[in-house]
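Asks: The file below is model-v5.pdb, PDB, C-alpha atoms and all ligand atoms:
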ATOM      1  CA  MET A  21       0.000   0.000   0.000  1.00  0.00           C
ATOM      2  CA  ASN A  22       1.370   3.417  -0.997  1.00  0.00           C
ATOM      3  CA  GLY A  23      -1.054   5.750   0.837  1.00  0.00           C
ATOM      4  CA  ILE A  24      -2.833   6.921  -2.336  1.00  0.00           C
ATOM      5  CA  ARG A  25      -6.465   7.800  -1.622  1.00  0.00           C
ATOM      6  CA  VAL A  26      -9.081   6.957  -4.262  1.00  0.00           C
ATOM      7  CA  LYS A  27     -12.426   8.629  -4.917  1.00  0.00           C
ATOM      8  CA  ILE A  28     -15.030   6.720  -6.918  1.00  0.00           C
ATOM      9  CA  CYS A  29     -17.435   9.328  -8.258  1.00  0.00           C
ATOM     10  CA  GLY A  30     -20.937   8.997  -9.666  1.00  0.00           C
ATOM     11  CA  LEU A  31     -22.231   5.970  -7.760  1.00  0.00           C
ATOM     12  CA  THR A  32     -25.773   5.199  -8.886  1.00  0.00           C
ATOM     13  CA  GLU A  33     -26.636   1.725  -7.541  1.00  0.00           C
ATOM     14  CA  THR A  34     -26.765   0.581  -3.932  1.00  0.00           C
ATOM     15  CA  SER A  35     -24.411  -2.281  -4.869  1.00  0.00           C
ATOM     16  CA  ASP A  36     -21.762   0.249  -5.963  1.00  0.00           C
ATOM     17  CA  ILE A  37     -21.126   1.088  -2.307  1.00  0.00           C
ATOM     18  CA  PRO A  38     -19.796  -2.310  -1.147  1.00  0.00           C
ATOM     19  CA  ALA A  39     -17.890  -2.633  -4.434  1.00  0.00           C
ATOM     20  CA  ALA A  40     -16.088   0.676  -3.806  1.00  0.00           C
ATOM     21  CA  LEU A  41     -15.512  -0.007  -0.105  1.00  0.00           C
ATOM     22  CA  MET A  42     -14.165  -3.518  -0.612  1.00  0.00           C
ATOM     23  CA  ALA A  43     -11.767  -2.135  -3.216  1.00  0.00           C
ATOM     24  CA  GLY A  44     -10.484   0.355  -0.626  1.00  0.00           C
ATOM     25  CA  ALA A  45     -11.964   3.672  -1.834  1.00  0.00           C
ATOM     26  CA  ALA A  46     -11.531   6.521   0.670  1.00  0.00           C
ATOM     27  CA  TYR A  47     -14.141   8.813  -0.959  1.00  0.00           C
ATOM     28  CA  LEU A  48     -17.567   7.993  -2.423  1.00  0.00           C
ATOM     29  CA  GLY A  49     -19.050  10.564  -4.812  1.00  0.00           C
ATOM     30  CA  PHE A  50     -22.755  11.213  -5.437  1.00  0.00           C
ATOM     31  CA  VAL A  51     -23.812  13.438  -8.354  1.00  0.00           C
ATOM     32  CA  PHE A  52     -26.660  15.964  -8.093  1.00  0.00           C
ATOM     33  CA  PHE A  53     -26.974  17.418 -11.579  1.00  0.00           C
ATOM     34  CA  ASP A  54     -30.163  16.883 -13.605  1.00  0.00           C
ATOM     35  CA  ARG A  55     -28.474  16.442 -16.990  1.00  0.00           C
ATOM     36  CA  SER A  56     -26.071  13.746 -15.784  1.00  0.00           C
ATOM     37  CA  PRO A  57     -26.592   9.999 -16.341  1.00  0.00           C
ATOM     38  CA  ARG A  58     -25.312   9.718 -12.753  1.00  0.00           C
ATOM     39  CA  ASN A  59     -27.808  12.145 -11.250  1.00  0.00           C
ATOM     40  CA  LEU A  60     -29.388  10.927  -7.999  1.00  0.00           C
ATOM     41  CA  ALA A  61     -32.738  11.866  -6.512  1.00  0.00           C
ATOM     42  CA  LEU A  62     -32.437  12.956  -2.882  1.00  0.00           C
ATOM     43  CA  GLU A  63     -34.367   9.899  -1.643  1.00  0.00           C
ATOM     44  CA  ALA A  64     -32.054   7.449  -3.433  1.00  0.00           C
ATOM     45  CA  ALA A  65     -28.981   9.347  -2.268  1.00  0.00           C
ATOM     46  CA  SER A  66     -30.256   9.357   1.290  1.00  0.00           C
ATOM     47  CA  PHE A  67     -30.646   5.573   1.217  1.00  0.00           C
ATOM     48  CA  MET A  68     -27.261   4.998  -0.428  1.00  0.00           C
ATOM     49  CA  ALA A  69     -25.263   7.395   1.754  1.00  0.00           C
ATOM     50  CA  GLY A  70     -27.083   6.070   4.836  1.00  0.00           C
ATOM     51  CA  SER A  71     -25.793   2.581   4.054  1.00  0.00           C
ATOM     52  CA  VAL A  72     -22.129   3.659   4.212  1.00  0.00           C
ATOM     53  CA  PRO A  73     -20.389   2.590   7.430  1.00  0.00           C
ATOM     54  CA  PRO A  74     -18.353   5.186   9.368  1.00  0.00           C
ATOM     55  CA  GLY A  75     -15.003   6.013   7.744  1.00  0.00           C
ATOM     56  CA  PRO A  76     -15.193   6.811   4.042  1.00  0.00           C
ATOM     57  CA  CYS A  77     -15.843  10.409   3.011  1.00  0.00           C
ATOM     58  CA  LYS A  78     -19.267  10.820   1.368  1.00  0.00           C
ATOM     59  CA  VAL A  79     -19.023  13.602  -1.212  1.00  0.00           C
ATOM     60  CA  ALA A  80     -21.912  15.425  -2.916  1.00  0.00           C
ATOM     61  CA  LEU A  81     -21.107  16.838  -6.347  1.00  0.00           C
ATOM     62  CA  THR A  82     -23.176  19.892  -7.281  1.00  0.00           C
ATOM     63  CA  VAL A  83     -22.978  22.409 -10.138  1.00  0.00           C
ATOM     64  CA  ASP A  84     -23.677  26.070  -9.298  1.00  0.00           C
ATOM     65  CA  ALA A  85     -26.224  24.973  -6.694  1.00  0.00           C
ATOM     66  CA  ASP A  86     -28.137  27.645  -4.793  1.00  0.00           C
ATOM     67  CA  ASP A  87     -28.525  27.734  -1.019  1.00  0.00           C
ATOM     68  CA  ALA A  88     -32.077  26.362  -1.133  1.00  0.00           C
ATOM     69  CA  PHE A  89     -30.928  23.211  -2.929  1.00  0.00           C
ATOM     70  CA  LEU A  90     -27.918  22.775  -0.622  1.00  0.00           C
ATOM     71  CA  ASP A  91     -30.238  23.154   2.381  1.00  0.00           C
ATOM     72  CA  ARG A  92     -32.534  20.401   1.066  1.00  0.00           C
ATOM     73  CA  LEU A  93     -29.592  18.170   0.158  1.00  0.00           C
ATOM     74  CA  LEU A  94     -27.917  18.442   3.553  1.00  0.00           C
ATOM     75  CA  ASP A  95     -31.228  18.042   5.377  1.00  0.00           C
ATOM     76  CA  ARG A  96     -31.909  14.707   3.717  1.00  0.00           C
ATOM     77  CA  VAL A  97     -28.557  13.111   2.840  1.00  0.00           C
ATOM     78  CA  PRO A  98     -25.790  12.325   5.357  1.00  0.00           C
ATOM     79  CA  LEU A  99     -22.697  13.840   3.722  1.00  0.00           C
ATOM     80  CA  ASP A 100     -19.122  14.697   4.686  1.00  0.00           C
ATOM     81  CA  MET A 101     -17.965  16.983   1.858  1.00  0.00           C
ATOM     82  CA  LEU A 102     -19.284  19.177  -0.949  1.00  0.00           C
ATOM     83  CA  GLN A 103     -17.644  19.083  -4.391  1.00  0.00           C
ATOM     84  CA  LEU A 104     -18.397  22.226  -6.391  1.00  0.00           C
ATOM     85  CA  HIS A 105     -18.176  21.438 -10.092  1.00  0.00           C
ATOM     86  CA  GLY A 106     -19.602  24.570 -11.695  1.00  0.00           C
ATOM     87  CA  SER A 107     -18.337  28.103 -12.182  1.00  0.00           C
ATOM     88  CA  GLU A 108     -18.508  29.035  -8.484  1.00  0.00           C
ATOM     89  CA  THR A 109     -16.264  32.020  -7.674  1.00  0.00           C
ATOM     90  CA  PRO A 110     -13.733  31.884  -4.811  1.00  0.00           C
ATOM     91  CA  GLU A 111     -16.144  34.091  -2.831  1.00  0.00           C
ATOM     92  CA  ARG A 112     -19.023  31.648  -3.390  1.00  0.00           C
ATOM     93  CA  VAL A 113     -16.780  28.726  -2.382  1.00  0.00           C
ATOM     94  CA  ALA A 114     -15.868  30.500   0.865  1.00  0.00           C
ATOM     95  CA  ASP A 115     -19.519  31.395   1.467  1.00  0.00           C
ATOM     96  CA  ILE A 116     -20.698  27.769   1.011  1.00  0.00           C
ATOM     97  CA  ARG A 117     -17.913  26.526   3.273  1.00  0.00           C
ATOM     98  CA  ALA A 118     -18.886  28.970   6.049  1.00  0.00           C
ATOM     99  CA  ARG A 119     -22.653  28.620   5.628  1.00  0.00           C
ATOM    100  CA  PHE A 120     -22.969  24.825   5.455  1.00  0.00           C
ATOM    101  CA  GLY A 121     -20.129  23.784   7.771  1.00  0.00           C
ATOM    102  CA  LEU A 122     -18.711  21.028   5.570  1.00  0.00           C
ATOM    103  CA  PRO A 123     -15.316  20.830   3.897  1.00  0.00           C
ATOM    104  CA  VAL A 124     -15.487  21.971   0.281  1.00  0.00           C
ATOM    105  CA  MET A 125     -13.590  20.618  -2.723  1.00  0.00           C
ATOM    106  CA  LYS A 126     -13.575  22.943  -5.759  1.00  0.00           C
ATOM    107  CA  ALA A 127     -13.174  21.328  -9.181  1.00  0.00           C
ATOM    108  CA  LEU A 128     -10.992  23.252 -11.642  1.00  0.00           C
ATOM    109  CA  GLY A 129     -10.617  22.427 -15.331  1.00  0.00           C
ATOM    110  CA  ILE A 130      -7.091  22.361 -16.747  1.00  0.00           C
ATOM    111  CA  ALA A 131      -6.255  22.503 -20.441  1.00  0.00           C
ATOM    112  CA  GLY A 132      -2.990  24.458 -20.422  1.00  0.00           C
ATOM    113  CA  GLU A 133      -0.382  26.236 -18.299  1.00  0.00           C
ATOM    114  CA  SER A 134      -2.512  29.374 -17.923  1.00  0.00           C
ATOM    115  CA  ASP A 135      -5.232  27.426 -16.062  1.00  0.00           C
ATOM    116  CA  LEU A 136      -2.880  26.580 -13.198  1.00  0.00           C
ATOM    117  CA  ALA A 137      -2.988  30.047 -11.561  1.00  0.00           C
ATOM    118  CA  ALA A 138      -6.555  29.342 -10.417  1.00  0.00           C
ATOM    119  CA  LEU A 139      -5.273  26.572  -8.171  1.00  0.00           C
ATOM    120  CA  GLU A 140      -3.523  29.145  -5.952  1.00  0.00           C
ATOM    121  CA  GLU A 141      -6.526  31.453  -5.882  1.00  0.00           C
ATOM    122  CA  TYR A 142      -9.127  28.768  -5.100  1.00  0.00           C
ATOM    123  CA  GLY A 143      -6.707  27.039  -2.737  1.00  0.00           C
ATOM    124  CA  ARG A 144      -7.233  29.933  -0.330  1.00  0.00           C
ATOM    125  CA  ALA A 145     -11.016  29.409  -0.283  1.00  0.00           C
ATOM    126  CA  ALA A 146     -11.450  25.614  -0.521  1.00  0.00           C
ATOM    127  CA  ASP A 147     -10.313  22.711   1.637  1.00  0.00           C
ATOM    128  CA  GLN A 148      -9.290  20.690  -1.401  1.00  0.00           C
ATOM    129  CA  ILE A 149      -8.958  21.186  -5.146  1.00  0.00           C
ATOM    130  CA  LEU A 150     -10.057  18.630  -7.740  1.00  0.00           C
ATOM    131  CA  VAL A 151      -7.691  19.096 -10.670  1.00  0.00           C
ATOM    132  CA  ASP A 152      -9.782  17.898 -13.601  1.00  0.00           C
ATOM    133  CA  ALA A 153      -9.698  18.152 -17.395  1.00  0.00           C
ATOM    134  CA  LYS A 154     -11.366  21.240 -18.852  1.00  0.00           C
ATOM    135  CA  PRO A 155     -14.443  20.007 -20.776  1.00  0.00           C
ATOM    136  CA  ASN A 156     -14.449  20.459 -24.562  1.00  0.00           C
ATOM    137  CA  PRO A 157     -16.730  23.326 -25.666  1.00  0.00           C
ATOM    138  CA  GLU A 158     -19.182  20.809 -27.152  1.00  0.00           C
ATOM    139  CA  ALA A 159     -19.284  18.595 -24.024  1.00  0.00           C
ATOM    140  CA  LYS A 160     -22.751  18.144 -22.513  1.00  0.00           C
ATOM    141  CA  LEU A 161     -21.428  17.876 -18.953  1.00  0.00           C
ATOM    142  CA  PRO A 162     -19.006  20.075 -16.996  1.00  0.00           C
ATOM    143  CA  GLY A 163     -17.228  16.914 -15.767  1.00  0.00           C
ATOM    144  CA  GLY A 164     -17.341  13.151 -15.850  1.00  0.00           C
ATOM    145  CA  ASN A 165     -16.476  13.114 -19.560  1.00  0.00           C
ATOM    146  CA  GLY A 166     -13.661  10.566 -19.413  1.00  0.00           C
ATOM    147  CA  VAL A 167     -11.196  13.017 -20.952  1.00  0.00           C
ATOM    148  CA  ALA A 168      -7.651  13.459 -19.666  1.00  0.00           C
ATOM    149  CA  PHE A 169      -5.404  16.539 -19.792  1.00  0.00           C
ATOM    150  CA  ASP A 170      -1.650  16.685 -20.248  1.00  0.00           C
ATOM    151  CA  TRP A 171      -0.347  15.378 -16.915  1.00  0.00           C
ATOM    152  CA  HIS A 172       3.112  16.855 -17.637  1.00  0.00           C
ATOM    153  CA  LEU A 173       1.573  20.249 -16.753  1.00  0.00           C
ATOM    154  CA  LEU A 174       1.554  19.194 -13.088  1.00  0.00           C
ATOM    155  CA  ALA A 175       4.981  17.552 -12.979  1.00  0.00           C
ATOM    156  CA  GLY A 176       7.203  18.950 -10.210  1.00  0.00           C
ATOM    157  CA  ARG A 177       4.577  21.434  -8.931  1.00  0.00           C
ATOM    158  CA  ARG A 178       3.514  21.725  -5.295  1.00  0.00           C
ATOM    159  CA  TRP A 179       0.457  23.367  -3.736  1.00  0.00           C
ATOM    160  CA  SER A 180      -0.250  23.953  -0.058  1.00  0.00           C
ATOM    161  CA  THR A 181      -3.929  22.960  -0.432  1.00  0.00           C
ATOM    162  CA  PRO A 182      -4.575  19.204  -0.722  1.00  0.00           C
ATOM    163  CA  TRP A 183      -5.548  18.238  -4.259  1.00  0.00           C
ATOM    164  CA  MET A 184      -6.882  15.283  -6.182  1.00  0.00           C
ATOM    165  CA  LEU A 185      -6.180  14.326  -9.803  1.00  0.00           C
ATOM    166  CA  ALA A 186      -9.181  13.605 -12.074  1.00  0.00           C
ATOM    167  CA  GLY A 187     -10.113  13.402 -15.733  1.00  0.00           C
ATOM    168  CA  GLY A 188      -9.976  10.359 -17.965  1.00  0.00           C
ATOM    169  CA  LEU A 189      -8.303   8.115 -15.402  1.00  0.00           C
ATOM    170  CA  THR A 190      -8.660   4.362 -15.898  1.00  0.00           C
ATOM    171  CA  PRO A 191      -7.250   1.197 -14.326  1.00  0.00           C
ATOM    172  CA  GLU A 192      -4.839   1.124 -17.266  1.00  0.00           C
ATOM    173  CA  ASN A 193      -3.428   4.673 -16.977  1.00  0.00           C
ATOM    174  CA  VAL A 194      -3.750   5.657 -13.297  1.00  0.00           C
ATOM    175  CA  GLY A 195      -0.296   4.346 -12.327  1.00  0.00           C
ATOM    176  CA  GLU A 196       1.369   6.484 -15.010  1.00  0.00           C
ATOM    177  CA  ALA A 197      -0.765   9.510 -14.047  1.00  0.00           C
ATOM    178  CA  ILE A 198       0.346   9.215 -10.411  1.00  0.00           C
ATOM    179  CA  ARG A 199       3.992   8.792 -11.417  1.00  0.00           C
ATOM    180  CA  LEU A 200       3.985  11.871 -13.671  1.00  0.00           C
ATOM    181  CA  THR A 201       1.984  14.243 -11.463  1.00  0.00           C
ATOM    182  CA  GLY A 202       2.936  13.164  -7.936  1.00  0.00           C
ATOM    183  CA  ALA A 203      -0.778  13.028  -7.037  1.00  0.00           C
ATOM    184  CA  ARG A 204      -1.550  11.489  -3.652  1.00  0.00           C
ATOM    185  CA  GLN A 205      -5.299  11.328  -4.364  1.00  0.00           C
ATOM    186  CA  VAL A 206      -7.123  10.285  -7.551  1.00  0.00           C
ATOM    187  CA  ASP A 207     -10.742  10.469  -8.704  1.00  0.00           C
ATOM    188  CA  VAL A 208     -12.497   8.387 -11.345  1.00  0.00           C
ATOM    189  CA  SER A 209     -15.961   8.079 -12.806  1.00  0.00           C
ATOM    190  CA  SER A 210     -16.235   7.071 -16.513  1.00  0.00           C
ATOM    191  CA  GLY A 211     -13.108   4.909 -16.360  1.00  0.00           C
ATOM    192  CA  VAL A 212     -14.789   2.411 -14.019  1.00  0.00           C
ATOM    193  CA  GLU A 213     -18.102   2.219 -15.895  1.00  0.00           C
ATOM    194  CA  SER A 214     -19.477  -0.324 -18.370  1.00  0.00           C
ATOM    195  CA  ALA A 215     -21.882   2.343 -19.749  1.00  0.00           C
ATOM    196  CA  PRO A 216     -22.566   5.981 -18.755  1.00  0.00           C
ATOM    197  CA  GLY A 217     -23.933   5.873 -15.212  1.00  0.00           C
ATOM    198  CA  LEU A 218     -23.304   2.156 -14.680  1.00  0.00           C
ATOM    199  CA  LYS A 219     -20.356   1.350 -12.457  1.00  0.00           C
ATOM    200  CA  ASP A 220     -18.463  -1.904 -13.038  1.00  0.00           C
ATOM    201  CA  GLY A 221     -17.326  -3.629  -9.827  1.00  0.00           C
ATOM    202  CA  GLU A 222     -14.395  -5.362 -11.474  1.00  0.00           C
ATOM    203  CA  ARG A 223     -13.079  -2.078 -12.954  1.00  0.00           C
ATOM    204  CA  ILE A 224     -13.461  -0.374  -9.569  1.00  0.00           C
ATOM    205  CA  ARG A 225     -11.359  -3.118  -8.003  1.00  0.00           C
ATOM    206  CA  ALA A 226      -8.768  -2.925 -10.801  1.00  0.00           C
ATOM    207  CA  PHE A 227      -8.567   0.880 -10.533  1.00  0.00           C
ATOM    208  CA  CYS A 228      -8.054   0.871  -6.771  1.00  0.00           C
ATOM    209  CA  SER A 229      -5.409  -1.795  -6.911  1.00  0.00           C
ATOM    210  CA  ALA A 230      -3.558  -0.069  -9.783  1.00  0.00           C
ATOM    211  CA  ALA A 231      -3.584   3.195  -7.801  1.00  0.00           C
ATOM    212  CA  MET A 232      -2.852   1.810  -4.337  1.00  0.00           C
ATOM    213  CA  GLU A 233      -0.653  -1.217  -5.021  1.00  0.00           C
ATOM    214  CA  PRO A 234       1.277  -0.398  -8.185  1.00  0.00           C
TER     215      PRO A 234
HETATM  216  O1  LIG B 301     -20.225  12.698 -13.508  1.00  0.00           O
HETATM  217  C1  LIG B 301     -21.028  13.534 -13.937  1.00  0.00           C
HETATM  218  O2  LIG B 301     -22.009  13.196 -14.585  1.00  0.00           O
HETATM  219  C2  LIG B 301     -20.782  14.984 -13.676  1.00  0.00           C
HETATM  220  C3  LIG B 301     -21.781  15.890 -13.977  1.00  0.00           C
HETATM  221  C4  LIG B 301     -21.577  17.240 -13.763  1.00  0.00           C
HETATM  222  C5  LIG B 301     -20.386  17.691 -13.246  1.00  0.00           C
HETATM  223  C6  LIG B 301     -19.374  16.793 -12.934  1.00  0.00           C
HETATM  224  C7  LIG B 301     -19.568  15.443 -13.144  1.00  0.00           C
HETATM  225  N1  LIG B 301     -18.594  14.526 -12.854  1.00  0.00           N
HETATM  226  C8  LIG B 301     -17.326  14.826 -12.332  1.00  0.00           C
HETATM  227  C9  LIG B 301     -16.620  13.572 -11.991  1.00  0.00           C
HETATM  228  O3  LIG B 301     -17.188  12.532 -11.857  1.00  0.00           O
HETATM  229  C10 LIG B 301     -15.207  13.515 -11.713  1.00  0.00           C
HETATM  230  O4  LIG B 301     -15.088  14.147 -10.487  1.00  0.00           O
HETATM  231  C11 LIG B 301     -14.263  14.002 -12.783  1.00  0.00           C
HETATM  232  O5  LIG B 301     -14.813  14.933 -13.675  1.00  0.00           O
HETATM  233  C12 LIG B 301     -13.651  12.859 -13.543  1.00  0.00           C
HETATM  234  O6  LIG B 301     -14.555  12.222 -14.349  1.00  0.00           O
HETATM  235  P1  LIG B 301     -14.079  11.120 -15.411  1.00  0.00           P
HETATM  236  O7  LIG B 301     -13.185  11.797 -16.408  1.00  0.00           O
HETATM  237  O8  LIG B 301     -15.322  10.606 -15.991  1.00  0.00           O
HETATM  238  O9  LIG B 301     -13.340  10.080 -14.628  1.00  0.00           O
END
Take the structure from the file and write it as C-alpha cells.
Replies:
Amino acid sequence: MNGIRVKICGLTETSDIPAALMAGAAYLGFVFFDRSPRNLALEAASFMAGSVPPGPCKVALTVDADDAFLDRLLDRVPLDMLQLHGSETPERVADIRARFGLPVMKALGIAGESDLAALEEYGRAADQILVDAKPNPEAKLPGGNGVAFDWHLLAGRRWSTPWMLAGGLTPENVGEAIRLTGARQVDVSSGVESAPGLKDGERIRAFCSAAMEP
C-alpha cells in the first residue's frame, strides 16, 4: 500500500457502495446534476449514503447549486464533503464553506499552463482542489467526460492545499498519471463504468489496486 487515496465518483446503484468499499476507496461521490446519467434523486442518495459505514468520506457533487438546494440536500442526505463542479467564484466557495459547515472541494478544469494560476486562488477558499480536465466546448457535462489533460503540466509542482487528480483516469493509466503528477489522491468516474452511469465492480477493483498497489 502506498497511501494513495481513491475517490469513486458517480455511484448510482446501492451495490456500488460495497464494491467501492471492498476495493479500498476513501471517498464515495454522489452526483446531483439533472443532466447527468449519474444524477441521484435525494431519496435514493439518502438511502445509499445512509448505508455507508463510518469512515469513508461521502461527497456530494453539485454544479452552481443555490442555497435552497444545498439546504434540502444536507437536510436529507448524510454527507461529509461538498464538491463544487460549476463556475462558483472563490467568494461563493468560501460562502458555502462557512454557511454549510462542511469541507469543500472545488473542481478546476485544466487545459494548459494558464489554467494553473486558479489553483492558488481557489486554494485559499477551498479545503481541497479537484484538478480535472477542462471540458471540450461541445461537451454536454461540466465533468465526468472521461477526458484526460496533459499530466506533464503538473509535474514537479507543489500546492499547499490538498488536491486530487481527475479526468480520464482508468485502471490502465492511473499508475502512469500518479507517477507523472505526484498526485496522492485520484478520482475516477467514466473509467470504471461499463456504460454511462453504470459502475463496473471489477473495474473499480482494478482501478483501486492499480492506484494503491502499483
Ligand atoms: O459525472 C457527472 O455526470 C458529472 C456531472 C456534472 C459535473 C461533474 C460530473 N462529474 C465529475 C466527476 O465525476 C469527476 O469528479 C471528474 O470529472 C472525472 O470524471 P471522469 O473523467 O469521468 O473520470
Asks: Expand the PyMOL selection byres (((chain A and resi 232) around 8) and not hetatm) into the explicit residue set it covers here, and present it as a PyMOL selection string.
Replies: chain A and resi 21-25+228-231+233-234
Asks: Pull the closest atom pair for each residue of chain A that gets at most 6 Å from ligand LIG 301 (chain B), along with the distance in Å to one decimal, counting only C-alpha atoms and all ligand atoms, ordering rows by chain and then ascending residue number, as a tab-separated table.
Replies:
residue	atom	partner	partner_atom	distance
A:Cys29	CA	B:LIG301	O3	4.8
A:Gly30	CA	B:LIG301	O1	5.4
A:Phe53	CA	B:LIG301	C4	5.8
A:Ser56	CA	B:LIG301	O2	4.3
A:Pro57	CA	B:LIG301	O2	5.9
A:Arg58	CA	B:LIG301	O2	5.1
A:His105	CA	B:LIG301	C5	5.4
A:Asp152	CA	B:LIG301	O5	5.8
A:Leu161	CA	B:LIG301	C4	5.2
A:Pro162	CA	B:LIG301	C5	4.7
A:Gly163	CA	B:LIG301	C6	3.6
A:Gly164	CA	B:LIG301	O8	3.3
A:Asn165	CA	B:LIG301	O8	4.5
A:Gly166	CA	B:LIG301	O7	3.3
A:Val167	CA	B:LIG301	O7	5.1
A:Ala186	CA	B:LIG301	C12	4.8
A:Gly187	CA	B:LIG301	O7	3.5
A:Gly188	CA	B:LIG301	O7	3.8
A:Leu189	CA	B:LIG301	O9	5.5
A:Asp207	CA	B:LIG301	O4	6.0
A:Val208	CA	B:LIG301	O9	3.8
A:Ser209	CA	B:LIG301	O9	3.8
A:Ser210	CA	B:LIG301	O8	3.7
A:Gly211	CA	B:LIG301	O9	5.5
Asks: Please evaluate the PyMOL selection byres (((chain A and resi 126-133) around 7) and not hetatm) against the displayed coordinates and give the resulting residues as a list in words.
Replies: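 This file gives the following for the PyMOL selection byres (((chain A and resi 126-133) around 7) and not hetatm): Gln103, Leu104, His105, Val124, Met125, Ser134, Asp135, Leu136, Ala146, Gln148, Ile149, Leu150, Val151, Asp152, Ala153, Lys154, Phe169 and Leu173 of chain A.
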Asks: Would you translate the PyMOL selection byres (((chain A and resi 221) around 9) and not hetatm) into the concrete set of residues it matches in this file, as number ranges by chain?
Replies: A: 35-36, 39-40, 43, 212-213, 219-220, 222-226
Asks: Name the residues in contact with A:Met101 at a cut-off of 12 Å, using only C-alpha atoms, excluding same-chain residues fewer than 6 positions from it; report them as a list in words.
Replies: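 Selected residues are Tyr47, Leu48, Gly49, Phe50, Pro76, Cys77, Lys78, Val79, Ala80, Leu81, Thr82, Leu90, Leu93, Leu94, Ile116, Arg117, Phe120, Gly121, Leu122, Pro123, Val124, Met125, Lys126, Ala146, Asp147 and Gln148 of chain A.
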Asks: Just to confirm, what's the straight-line distance from atom CA of A:Asn193 to atom CA of A:Arg178 in Å (one decimal)?
Replies: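 Taking atom CA of A:Asn193 and atom CA of A:Arg178, their separation equals 21.8 Å.
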Asks: For a test of reading the model, state the distance in Å between atom CA of A:Thr201 and atom CA of A:Leu174, rounded to one decimal.
Replies: 5.2 Å
Asks: What's the separation between atom CA of A:Leu99 and atom CA of A:Ala69, in Å to one decimal place?
Replies: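 Atom-to-atom, atom CA of A:Leu99 to atom CA of A:Ala69, that is 7.2 Å.
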Asks: Nearest residue to A:Val51 out of A:Val72, A:Ile37, A:Val83, A:Leu139, using only C-alpha atoms?
Replies: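 Of A:Val72, A:Ile37, A:Val83, A:Leu139, the one nearest A:Val51 is A:Val83, counting only C-alpha atoms.
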Asks: Each side padded by 5 Å, which centre and which edge lengths in Å (one decimal) define the axis-aligned box around the listed atoms of stretch 74-93 of chain A? Give them as AutoDock Vina command-line options.
Replies:
--center_x -23.8 --center_y 16.5 --center_z -0.4 --size_x 27.5 --size_y 32.5 --size_z 29.5
Asks: So which residues touch A:Val26 within 6 Å, counting only C-alpha atoms, skipping near sequence neighbours fewer than 2 positions away, as a PyMOL selection string?
Replies: chain A and resi 45-46+205-207
Asks: Around (-8.9, 30.6, 4.4) in the file's frame, which residues reach within 12 Å when counting all atoms listed in the file? Return as JSON, numbers by chain?
Replies: {"A": [110, 111, 113, 114, 115, 117, 118, 123, 124, 140, 141, 142, 143, 144, 145, 146, 147, 148, 180, 181]}
